[in-house]
file protein-v7.txt (compact mmCIF, C-alpha atoms)
# COMPACT_ATOMS: atom_id res chain seq x y z
CA MET A 1 77.27 10.30 23.47
CA GLY A 2 76.61 7.16 21.44
CA VAL A 3 77.86 3.76 22.56
CA TYR A 4 80.57 3.80 19.85
CA GLU A 5 81.91 7.13 21.10
CA GLU A 6 81.84 5.82 24.66
CA LEU A 7 83.82 2.75 23.63
CA LYS A 8 86.44 5.04 22.10
CA GLU A 9 86.62 7.26 25.16
CA ARG A 10 87.03 4.22 27.40
CA GLY A 11 90.04 3.16 25.34
CA LEU A 12 88.47 -0.06 24.11
CA ILE A 13 88.59 0.21 20.33
CA ALA A 14 91.76 -0.90 18.57
CA GLN A 15 91.02 -1.54 14.86
CA VAL A 16 87.89 -1.32 12.69
CA THR A 17 87.15 -2.23 9.08
CA ASP A 18 84.72 0.66 8.40
CA GLU A 19 84.38 3.14 11.23
CA GLU A 20 81.41 5.09 9.87
CA GLU A 21 79.35 2.00 9.13
CA ILE A 22 80.18 0.37 12.47
CA ARG A 23 79.35 3.58 14.34
CA GLU A 24 76.00 3.76 12.53
CA LEU A 25 75.11 0.15 13.31
CA VAL A 26 76.04 0.02 17.00
CA ASN A 27 74.74 3.48 17.87
CA ASN A 28 71.34 2.61 16.39
CA GLY A 29 71.09 -0.90 17.83
CA LYS A 30 71.34 -2.54 14.42
CA ALA A 31 74.40 -4.70 15.03
CA VAL A 32 73.99 -8.46 15.22
CA PHE A 33 77.49 -9.29 16.38
CA TYR A 34 79.43 -12.26 17.60
CA ILE A 35 82.40 -12.90 19.85
CA GLY A 36 84.05 -16.32 19.97
CA PHE A 37 85.14 -18.20 23.08
CA ASP A 38 87.19 -21.38 22.64
CA PRO A 39 86.47 -23.74 25.60
CA THR A 40 90.09 -24.54 26.47
CA ALA A 41 89.32 -24.76 30.22
CA ASP A 42 86.31 -25.44 32.44
CA SER A 43 85.88 -21.77 33.33
CA LEU A 44 86.07 -18.35 31.74
CA HIS A 45 88.86 -16.15 33.08
CA VAL A 46 89.79 -12.47 33.28
CA GLY A 47 91.06 -12.66 29.70
CA HIS A 48 87.44 -13.26 28.61
CA PHE A 49 86.12 -10.53 30.88
CA MET A 50 86.79 -7.72 28.38
CA ALA A 51 84.73 -9.51 25.74
CA LEU A 52 81.86 -10.12 28.17
CA CYS A 53 81.87 -6.44 29.17
CA LEU A 54 81.76 -5.40 25.51
CA MET A 55 78.84 -7.73 24.85
CA LYS A 56 76.98 -6.32 27.81
CA ARG A 57 77.61 -2.68 26.79
CA LEU A 58 76.42 -3.28 23.24
CA GLN A 59 73.41 -5.29 24.36
CA MET A 60 72.40 -2.45 26.71
CA ALA A 61 72.46 -0.18 23.63
CA GLY A 62 69.96 -2.42 21.83
CA ASN A 63 72.34 -4.57 19.78
CA LYS A 64 72.06 -8.36 19.63
CA PRO A 65 75.03 -10.44 20.80
CA ILE A 66 75.87 -13.95 19.69
CA ALA A 67 78.18 -15.78 22.08
CA LEU A 68 79.90 -18.35 19.90
CA ILE A 69 81.43 -21.19 21.86
CA GLY A 70 84.14 -22.94 19.87
CA GLY A 71 83.31 -26.60 20.35
CA GLY A 72 84.65 -27.13 16.84
CA THR A 73 87.62 -24.76 16.71
CA ALA A 74 88.82 -26.06 20.09
CA MET A 75 89.52 -29.35 18.30
CA ILE A 76 92.31 -27.49 16.47
CA GLY A 77 93.53 -24.74 18.82
CA ASP A 78 94.19 -21.06 18.11
CA PRO A 79 97.89 -20.36 17.42
CA SER A 80 97.48 -16.61 18.14
CA GLY A 81 99.83 -15.30 20.80
CA ARG A 82 101.52 -18.67 21.33
CA THR A 83 104.99 -20.02 20.68
CA ASP A 84 103.97 -23.68 20.93
CA MET A 85 101.06 -25.87 19.93
CA ARG A 86 98.07 -26.17 22.25
CA GLN A 87 97.45 -29.49 23.95
CA MET A 88 94.82 -31.56 22.17
CA MET A 89 91.62 -32.15 24.16
CA THR A 90 89.14 -35.00 23.93
CA LYS A 91 85.60 -34.38 22.71
CA GLU A 92 84.35 -35.20 26.22
CA THR A 93 86.61 -32.57 27.81
CA ILE A 94 85.57 -29.96 25.25
CA GLN A 95 81.86 -30.66 25.85
CA HIS A 96 82.34 -30.38 29.63
CA ASN A 97 84.06 -27.01 29.15
CA VAL A 98 81.29 -25.85 26.80
CA ASP A 99 78.67 -26.62 29.45
CA CYS A 100 80.65 -24.67 32.07
CA PHE A 101 80.96 -21.64 29.77
CA LYS A 102 77.23 -21.62 29.12
CA LYS A 103 76.39 -21.47 32.82
CA GLN A 104 78.76 -18.56 33.42
CA MET A 105 77.65 -16.55 30.40
CA GLU A 106 73.98 -16.87 31.28
CA LYS A 107 74.69 -15.05 34.55
CA PHE A 108 76.20 -12.11 32.68
CA ILE A 109 74.39 -11.76 29.34
CA ASP A 110 70.59 -11.57 28.98
CA PHE A 111 69.60 -14.48 26.72
CA SER A 112 65.87 -14.18 27.45
CA ASP A 113 63.34 -13.58 24.67
CA GLY A 114 65.95 -13.87 21.92
CA LYS A 115 67.91 -10.83 23.15
CA ALA A 116 71.12 -12.82 22.69
CA LEU A 117 72.09 -16.17 21.24
CA LEU A 118 74.39 -18.88 22.55
CA VAL A 119 75.74 -20.96 19.67
CA ASN A 120 78.32 -23.76 19.36
CA ASN A 121 80.32 -23.89 16.13
CA ALA A 122 80.56 -27.67 16.44
CA GLU A 123 77.07 -27.61 14.88
CA TRP A 124 78.53 -26.86 11.45
CA LEU A 125 82.28 -27.40 11.64
CA LEU A 126 82.24 -31.05 12.70
CA ASP A 127 79.99 -32.06 9.79
CA LEU A 128 81.95 -30.34 7.02
CA ASN A 129 83.24 -32.42 4.14
CA TYR A 130 86.97 -31.87 3.65
CA VAL A 131 86.89 -31.84 -0.16
CA ASP A 132 83.93 -29.44 -0.18
CA VAL A 133 85.78 -27.09 2.15
CA LEU A 134 88.85 -27.14 -0.09
CA ARG A 135 86.76 -26.32 -3.17
CA ASP A 136 84.27 -23.83 -1.71
CA VAL A 137 86.27 -22.12 1.03
CA GLY A 138 89.96 -22.85 0.50
CA ALA A 139 89.83 -21.28 -2.94
CA CYS A 140 88.98 -17.92 -1.33
CA PHE A 141 92.21 -17.74 0.70
CA SER A 142 95.69 -16.72 -0.43
CA VAL A 143 98.45 -18.67 1.30
CA ASN A 144 100.86 -15.77 0.70
CA ARG A 145 98.53 -13.38 2.51
CA MET A 146 97.85 -15.85 5.33
CA LEU A 147 101.57 -16.22 6.02
CA THR A 148 101.85 -12.47 6.62
CA ALA A 149 99.30 -12.66 9.47
CA GLU A 150 100.76 -11.85 12.88
CA CYS A 151 99.21 -14.94 14.46
CA TYR A 152 101.28 -17.15 12.14
CA LYS A 153 104.48 -15.11 12.12
CA GLN A 154 105.05 -15.84 15.81
CA ARG A 155 104.98 -19.59 15.12
CA MET A 156 107.15 -19.79 12.02
CA GLU A 157 110.46 -20.09 13.88
CA LYS A 158 109.44 -23.15 15.93
CA GLY A 159 107.22 -24.58 13.25
CA LEU A 160 103.58 -24.04 12.35
CA SER A 161 101.59 -27.24 11.91
CA PHE A 162 99.16 -27.60 9.01
CA LEU A 163 96.54 -28.34 11.66
CA GLU A 164 96.89 -24.84 13.15
CA PHE A 165 97.26 -23.24 9.72
CA ASN A 166 93.61 -24.12 9.14
CA TYR A 167 92.43 -22.14 12.19
CA MET A 168 92.00 -18.89 10.24
CA ILE A 169 89.84 -20.66 7.67
CA MET A 170 87.69 -22.22 10.38
CA GLN A 171 87.16 -18.91 12.19
CA SER A 172 86.37 -17.20 8.91
CA TYR A 173 83.85 -19.94 8.13
CA ASP A 174 82.20 -19.27 11.50
CA PHE A 175 81.47 -15.67 10.49
CA TYR A 176 80.19 -16.87 7.09
CA ALA A 177 77.90 -19.45 8.74
CA LEU A 178 76.58 -16.98 11.34
CA TYR A 179 75.88 -14.40 8.63
CA GLN A 180 73.74 -16.92 6.76
CA LYS A 181 72.03 -18.46 9.79
CA TYR A 182 71.39 -15.41 11.99
CA GLY A 183 72.09 -12.29 9.90
CA CYS A 184 75.26 -11.66 11.92
CA ASN A 185 76.82 -8.56 10.35
CA MET A 186 79.71 -7.89 12.69
CA GLN A 187 82.46 -9.66 14.62
CA PHE A 188 84.24 -8.30 17.67
CA GLY A 189 87.28 -9.73 19.39
CA GLY A 190 90.70 -9.14 20.89
CA ASP A 191 93.26 -7.24 18.84
CA ASP A 192 95.30 -10.43 18.34
CA GLN A 193 92.39 -11.80 16.27
CA TRP A 194 92.49 -9.09 13.58
CA SER A 195 93.82 -11.28 10.74
CA ASN A 196 91.29 -14.04 11.42
CA MET A 197 88.44 -11.53 11.51
CA LEU A 198 89.46 -9.96 8.19
CA GLY A 199 89.40 -13.46 6.73
CA GLY A 200 85.74 -13.73 7.70
CA THR A 201 84.70 -10.41 6.16
CA GLU A 202 86.55 -11.32 2.95
CA LEU A 203 84.92 -14.78 2.78
CA ILE A 204 81.44 -13.26 3.14
CA ARG A 205 82.23 -10.71 0.43
CA ARG A 206 83.56 -13.29 -2.00
CA LYS A 207 80.93 -15.99 -1.38
CA LEU A 208 77.82 -13.87 -0.83
CA GLY A 209 78.69 -10.48 -2.28
CA LYS A 210 77.70 -8.86 1.04
CA ASP A 211 79.43 -6.49 3.45
CA ALA A 212 80.26 -7.53 6.99
CA TYR A 213 82.36 -5.70 9.55
CA ALA A 214 84.98 -6.34 12.19
CA MET A 215 86.23 -4.44 15.22
CA THR A 216 88.93 -5.39 17.68
CA ILE A 217 89.25 -4.19 21.25
CA ASN A 218 92.52 -3.45 22.99
CA LEU A 219 93.94 -6.29 25.04
CA LEU A 220 93.93 -5.78 28.80
CA LEU A 221 97.60 -5.01 29.45
CA ASN A 222 99.27 -3.55 32.52
CA SER A 223 101.60 -0.55 32.46
CA GLU A 224 104.51 -2.90 31.63
CA GLY A 225 102.76 -4.23 28.53
CA LYS A 226 101.96 -7.65 30.02
CA LYS A 227 98.53 -9.29 29.88
CA MET A 228 96.54 -8.83 33.06
CA GLY A 229 94.65 -11.65 34.74
CA LYS A 230 97.58 -13.79 35.86
CA THR A 231 98.90 -14.38 39.37
CA GLN A 232 101.84 -16.38 40.63
CA SER A 233 99.51 -19.32 41.22
CA GLY A 234 97.85 -19.08 37.77
CA ALA A 235 94.93 -17.44 35.98
CA VAL A 236 92.24 -15.36 37.69
CA TRP A 237 89.09 -17.37 36.96
CA LEU A 238 85.45 -16.26 36.95
CA ASP A 239 84.40 -19.54 38.63
CA ALA A 240 84.17 -19.04 42.39
CA GLU A 241 85.43 -22.60 42.94
CA LYS A 242 88.67 -21.84 41.07
CA THR A 243 89.20 -18.23 42.21
CA SER A 244 87.23 -17.28 45.32
CA PRO A 245 85.31 -13.99 45.37
CA TYR A 246 87.79 -12.78 47.99
CA ASP A 247 90.81 -13.62 45.81
CA PHE A 248 89.07 -12.08 42.81
CA TYR A 249 88.45 -8.89 44.80
CA GLN A 250 92.03 -8.84 46.06
CA TYR A 251 93.44 -9.17 42.54
CA TRP A 252 91.78 -5.92 41.47
CA ARG A 253 92.39 -4.22 44.82
CA ASN A 254 96.11 -4.80 44.29
CA VAL A 255 96.50 -3.49 40.73
CA ASP A 256 99.29 -0.98 40.17
CA ASP A 257 98.50 2.71 40.56
CA ALA A 258 99.23 3.21 36.86
CA ASP A 259 96.54 0.68 35.83
CA VAL A 260 93.56 1.43 38.07
CA ILE A 261 91.92 4.21 36.02
CA LYS A 262 92.39 2.29 32.77
CA CYS A 263 90.71 -0.76 34.34
CA LEU A 264 87.83 1.35 35.64
CA LYS A 265 87.24 2.72 32.13
CA MET A 266 87.57 -0.55 30.27
CA LEU A 267 85.85 -2.97 32.66
CA THR A 268 83.30 -1.18 34.84
CA PHE A 269 80.01 0.45 33.96
CA LEU A 270 80.63 3.51 36.11
CA PRO A 271 79.94 6.82 34.30
CA LEU A 272 83.01 8.34 32.67
CA ASP A 273 82.50 11.59 34.61
CA GLU A 274 82.80 9.67 37.88
CA ILE A 275 85.92 7.84 36.68
CA ASN A 276 87.51 11.12 35.54
CA GLU A 277 87.03 12.49 39.04
CA LEU A 278 88.77 9.42 40.49
CA ALA A 279 91.62 10.00 38.04
CA LYS A 280 92.45 13.19 39.95
CA LEU A 281 93.43 11.15 43.03
CA GLN A 282 97.13 10.72 43.73
CA GLY A 283 99.37 8.64 45.96
CA SER A 284 97.62 6.73 48.73
CA GLU A 285 94.31 8.35 47.73
CA LEU A 286 94.26 5.98 44.75
CA ASN A 287 93.39 3.18 47.18
CA LYS A 288 89.85 4.55 47.09
CA ALA A 289 89.74 4.03 43.30
CA LYS A 290 91.17 0.52 43.72
CA GLU A 291 88.46 -0.38 46.24
CA ILE A 292 85.80 0.85 43.85
CA LEU A 293 87.32 -1.13 40.97
CA ALA A 294 87.53 -4.32 43.03
CA PHE A 295 83.99 -3.97 44.39
CA GLU A 296 82.39 -3.20 41.01
CA LEU A 297 84.03 -6.10 39.22
CA THR A 298 83.39 -8.59 42.04
CA LYS A 299 79.74 -7.49 42.07
CA LEU A 300 79.48 -8.04 38.31
CA ILE A 301 80.83 -11.59 38.50
CA HIS A 302 79.83 -12.87 41.94
CA GLY A 303 76.96 -10.61 42.99
CA GLU A 304 76.66 -7.75 45.47
CA GLU A 305 76.51 -9.96 48.57
CA GLU A 306 79.85 -11.62 47.80
CA ALA A 307 81.36 -8.26 46.84
CA ASN A 308 80.35 -6.82 50.21
CA LYS A 309 81.81 -9.81 52.05
CA ALA A 310 85.09 -9.56 50.17
CA GLN A 311 85.33 -5.83 50.79
CA GLU A 312 84.59 -6.14 54.50
CA SER A 313 87.21 -8.87 54.91
CA ALA A 314 89.79 -6.91 52.95
CA ARG A 315 89.20 -3.75 54.96
CA ALA A 316 89.49 -5.66 58.21
CA LEU A 317 92.79 -7.18 57.11
CA PHE A 318 94.24 -3.98 55.70
CA GLY A 319 93.38 -2.26 58.94
CA ALA A 320 93.72 -3.75 62.37
CA GLY A 321 90.74 -6.05 62.03
CA ALA A 322 90.45 -9.70 62.84
CA ASN A 323 87.59 -10.77 60.55
CA THR A 324 88.82 -13.88 58.74
CA GLU A 325 85.42 -15.35 57.91
CA ASN A 326 85.66 -14.75 54.15
CA MET A 327 89.42 -15.12 53.82
CA PRO A 328 90.62 -17.76 51.33
CA THR A 329 91.30 -20.90 53.36
CA THR A 330 93.16 -24.15 52.84
CA GLU A 331 92.09 -27.15 54.91
CA LEU A 332 94.99 -29.40 55.85
CA THR A 333 94.74 -32.95 57.20
CA GLN A 334 96.85 -34.98 59.60
CA ASP A 335 98.38 -36.69 56.56
CA ASP A 336 100.04 -33.36 55.67
CA PHE A 337 102.07 -33.40 58.89
CA ALA A 338 104.98 -35.85 58.96
CA GLN A 339 105.85 -36.41 62.65
CA GLY A 340 103.30 -33.71 63.46
CA GLU A 341 105.10 -30.93 61.51
CA LEU A 342 104.91 -29.28 58.09
CA GLY A 343 107.72 -27.25 56.55
CA ILE A 344 107.08 -23.63 55.57
CA LEU A 345 107.95 -24.26 51.91
CA ASP A 346 105.45 -27.13 51.65
CA LEU A 347 102.86 -25.05 53.49
CA LEU A 348 103.12 -22.16 51.01
CA VAL A 349 102.77 -24.49 48.03
CA LYS A 350 99.80 -26.35 49.55
CA CYS A 351 98.05 -23.03 50.16
CA SER A 352 98.74 -21.99 46.52
CA LEU A 353 100.58 -18.90 47.75
CA THR A 354 103.50 -19.99 45.60
CA SER A 355 103.67 -22.27 42.59
CA SER A 356 106.91 -24.02 43.60
CA LYS A 357 109.25 -24.61 46.55
CA GLY A 358 111.88 -22.52 44.77
CA GLU A 359 109.58 -19.52 44.72
CA ALA A 360 108.60 -20.20 48.35
CA ARG A 361 112.28 -20.32 49.35
CA ARG A 362 112.95 -16.92 47.77
CA LEU A 363 109.93 -15.35 49.47
CA VAL A 364 110.97 -16.59 52.90
CA GLN A 365 114.59 -15.54 52.44
CA GLN A 366 113.47 -12.08 51.33
CA GLY A 367 111.25 -11.64 54.40
CA GLY A 368 108.01 -11.77 52.45
CA ILE A 369 106.15 -14.26 54.67
CA SER A 370 104.55 -13.84 58.09
CA ILE A 371 102.51 -16.28 60.16
CA ASP A 372 100.14 -14.77 62.72
CA ASP A 373 101.98 -11.42 62.36
CA LYS A 374 105.40 -12.99 63.03
CA ARG A 375 107.86 -12.82 60.15
CA VAL A 376 109.30 -16.14 58.99
CA THR A 377 112.88 -15.86 57.70
CA GLU A 378 114.19 -19.42 58.06
CA ILE A 379 113.46 -21.90 55.29
CA ALA A 380 113.71 -24.68 57.91
CA HIS A 381 110.72 -23.20 59.81
CA LYS A 382 107.96 -25.71 60.54
CA VAL A 383 104.42 -25.46 61.83
CA THR A 384 102.84 -28.16 63.97
CA ALA A 385 99.44 -29.78 63.62
CA ASP A 386 98.50 -28.32 67.00
CA GLU A 387 99.33 -24.78 65.82
CA VAL A 388 97.17 -25.16 62.73
CA LYS A 389 94.30 -26.78 64.63
CA GLU A 390 92.70 -23.42 65.47
CA GLY A 391 93.84 -21.84 62.22
CA ILE A 392 96.86 -19.71 61.31
CA ILE A 393 96.96 -16.56 59.17
CA ILE A 394 99.69 -16.47 56.54
CA LYS A 395 100.60 -13.09 55.10
CA LYS A 396 102.44 -12.88 51.78
CA GLY A 397 103.98 -9.49 51.10
CA LYS A 398 101.88 -6.58 52.33
CA LYS A 399 98.49 -7.44 50.92
CA VAL A 400 97.86 -11.17 50.41
CA PHE A 401 96.31 -13.03 53.33
CA HIS A 402 95.49 -16.73 53.58
CA LYS A 403 94.19 -18.96 56.33
CA ALA A 404 95.32 -22.55 56.94
CA ILE A 405 93.37 -24.78 59.30
CA LEU A 406 93.44 -28.44 60.30
CA LYS A 407 90.40 -30.26 58.98

call {"tool": "encode", "arguments": {"input": "protein-v7.txt", "output": "structure tokens"}}
result
Amino acid sequence: MGVYEELKERGLIAQVTDEEEIRELVNNGKAVFYIGFDPTADSLHVGHFMALCLMKRLQMAGNKPIALIGGGTAMIGDPSGRTDMRQMMTKETIQHNVDCFKKQMEKFIDFSDGKALLVNNAEWLLDLNYVDVLRDVGACFSVNRMLTAECYKQRMEKGLSFLEFNYMIMQSYDFYALYQKYGCNMQFGGDDQWSNMLGGTELIRRKLGKDAYAMTINLLLNSEGKKMGKTQSGAVWLDAEKTSPYDFYQYWRNVDDADVIKCLKMLTFLPLDEINELAKLQGSELNKAKEILAFELTKLIHGEEEANKAQESARALFGAGANTENMPTTELTQDDFAQGELGILDLLVKCSLTSSKGEARRLVQQGGISIDDKRVTEIAHKVTADEVKEGIIIKKGKKVFHKAILK
């Protein structure tokens, strides 16, 4: 089975411009492809994980990846999948985020000996002359066609700024520049980028008279059609300082039964035969598949040692264990305790177990919170500084555990 056929069987491929040509290139290690990452935060997150996995799979098959970091496009902001305009970032913030992305990618993709490239589109986009772009690039785009793109349709009701309208042209120019600089013949990305990617292939055809190709991968959605990688307290990050290895492990350990096999196929490098055997499991037996999913993904991002620690802690907590060494922990100070006490709602927010007091109130009233195995049902419940001194274990629902301790 070639890598293209494996991608199809794993449910990754959504749309392609020329299936036969793309199959030929990737199966024979002839693809020089790029995937773009706009540095809108100081860490990659689970939403980027699919792209990183695709890059790794194709690199293992002999193809050459180009990780394009959008230091230039981040100055504008991608309107795809959004109902409002992205917040503008300073050049200093963007550069900081670019540096963070580089460090994370280098742990995952092999950039040694020219096997992959790490490029920043600020190199060419920030030096473009506006009039030259209008004459040389703008003339290749039909406004009528651009307005039919899905990424713009979603914004028309609330208003699409001219700033964002240029994003498709900028992304298309990236492909054009990479084709000329590095012989990049293919672009991969999420399925919500299809219109932008077609713009790039068309620009290369019209300006250079050459063929280039595009392929989108399916977005990582749960069984309800919602994007995965979000928790009540925010995104699931790949940076251990923002999402601990334990929390990362727990996120995947807690996926719905209906999603575990799909995630194993799309995100892990386990053989398909092994995954198909796991697909035969039913009911509580699926917990075995969830453990494997969580371990494999934590190992990929944080290393085998951290994956083992997270798994041991999770097993101890799910069973009757008492190992809290690797449990996510919040250190509180005396300043957090007015008159020596801290209310349960404030405690849950400080520990990032809820994003607001309103959410904390509902959880308590619904019986979803326990402290040291004792259910808390009163929103007026308080904990004292003395109680927290040795550490308390907060349990949210059936599976989320957190430790609070007085610093």

call {"tool": "atom_distance", "arguments": {"input": "protein-v7.txt", "atom1": "atom CA of A:Gly70", "atom2": "atom CA of A:Met89"}}
result
12.6 Å

call {"tool": "closest_residue", "arguments": {"input": "protein-v7.txt", "among": "A:Ile35, A:Ile292, A:Ala116, A:Met75", "to": "A:Phe175", "atoms": "only C-alpha atoms"}}
result
A:Ile35

call {"tool": "atom_distance", "arguments": {"input": "protein-v7.txt", "atom1": "atom CA of A:Glu20", "atom2": "atom CA of A:Gly47"}}
result
28.3 Å

call {"tool": "atom_distance", "arguments": {"input": "protein-v7.txt", "atom1": "atom CA of A:Ala314", "atom2": "atom CA of A:Ala289"}}
result
14.6 Å

call {"tool": "closest_residue", "arguments": {"input": "protein-v7.txt", "among": "A:Gln180, A:Leu238, A:Val32, A:Leu203", "to": "A:Phe108", "atoms": "all atoms listed in the file"}}
result
A:Leu238

call {"tool": "residues_around", "arguments": {"input": "protein-v7.txt", "residues": "A:Asn97", "least_positions_apart": "5", "cutoff": "12 Å", "atoms": "all atoms listed in the file", "output": "list of chain:residue names"}}
result
A:Phe37, A:Asp38, A:Pro39, A:Thr40, A:Ala41, A:Asp42, A:Ser43, A:Leu44, A:Ile69, A:Gly70, A:Gly71, A:Ala74, A:Met89, A:Thr90, A:Lys91, A:Glu92, A:Lys102, A:Lys103, A:Gln104, A:Asn120

call {"tool": "residues_near_point", "arguments": {"input": "protein-v7.txt", "point": "(74.2, -12.0, 29.3)", "cutoff": "10 Å", "atoms": "only C-alpha atoms", "output": "PyMOL selection string"}}
result
chain A and resi 52-53+55-56+59+65-67+104-112+115-118

call {"tool": "closest_residue", "arguments": {"input": "protein-v7.txt", "among": "A:Gly36, A:Gly2, A:Gly343, A:Gly72", "to": "A:Arg57", "atoms": "only C-alpha atoms"}}
result
A:Gly2

call {"tool": "closest_residue", "arguments": {"input": "protein-v7.txt", "among": "A:Gly11, A:Gly397, A:Gly183, A:Gly114", "to": "A:Gly368", "atoms": "all atoms listed in the file"}}
result
A:Gly397

call {"tool": "closest_residue", "arguments": {"input": "protein-v7.txt", "among": "A:Gln365, A:Asn121, A:Thr268, A:Ser172", "to": "A:Val137", "atoms": "all atoms listed in the file"}}
result
A:Ser172

call {"tool": "residues_around", "arguments": {"input": "protein-v7.txt", "residues": "A:Lys389", "least_positions_apart": "4", "cutoff": "7 Å", "atoms": "only C-alpha atoms", "output": "mmCIF file with C-alpha atoms, in the frame of the given file"}}
result
data_model
loop_
_atom_site.group_PDB
_atom_site.id
_atom_site.type_symbol
_atom_site.label_atom_id
_atom_site.label_comp_id
_atom_site.auth_asym_id
_atom_site.auth_seq_id
_atom_site.Cartn_x
_atom_site.Cartn_y
_atom_site.Cartn_z
ATOM 1 C CA ALA A 385 99.440 -29.780 63.620
ATOM 2 C CA ILE A 405 93.370 -24.780 59.300
ATOM 3 C CA LEU A 406 93.440 -28.440 60.300
#

call {"tool": "axis_aligned_box", "arguments": {"input": "protein-v7.txt", "around": "stretch 238-244 of chain A", "padding_each_side": "8 Å", "output": "JSON"}}
result
{"center_x": 86.7, "center_y": -19.4, "center_z": 41.1, "size_x": 21.0, "size_y": 22.3, "size_z": 24.4}

call {"tool": "closest_residue", "arguments": {"input": "protein-v7.txt", "among": "A:Glu24, A:Asp373, A:Asp386, A:Glu306", "to": "A:Leu342", "atoms": "only C-alpha atoms"}}
result
A:Asp386

call {"tool": "residues_around", "arguments": {"input": "protein-v7.txt", "residues": "A:Ala307", "least_positions_apart": "5", "cutoff": "6 Å", "atoms": "only C-alpha atoms", "output": "PyMOL selection string"}}
result
chain A and resi 295+298-299

call {"tool": "write_last_selection", "arguments": {"input": "protein-v7.txt", "atoms": "C-alpha atoms", "output": "PDB file, in the frame of the given file"}}
result
ATOM      1  CA  PHE A 295      83.990  -3.970  44.390  1.00  0.00           C
ATOM      2  CA  THR A 298      83.390  -8.590  42.040  1.00  0.00           C
ATOM      3  CA  LYS A 299      79.740  -7.490  42.070  1.00  0.00           C
TER       4      LYS A 299
END

call {"tool": "residues_around", "arguments": {"input": "protein-v7.txt", "residues": "A:Thr201", "least_positions_apart": "5", "cutoff": "9 Å", "atoms": "all atoms listed in the file", "output": "list in words"}}
result
Ser172, Phe175, Tyr176, Met186, Gln187, Arg206, Lys210, Asp211, Ala212, Tyr213 and Ala214 of chain A
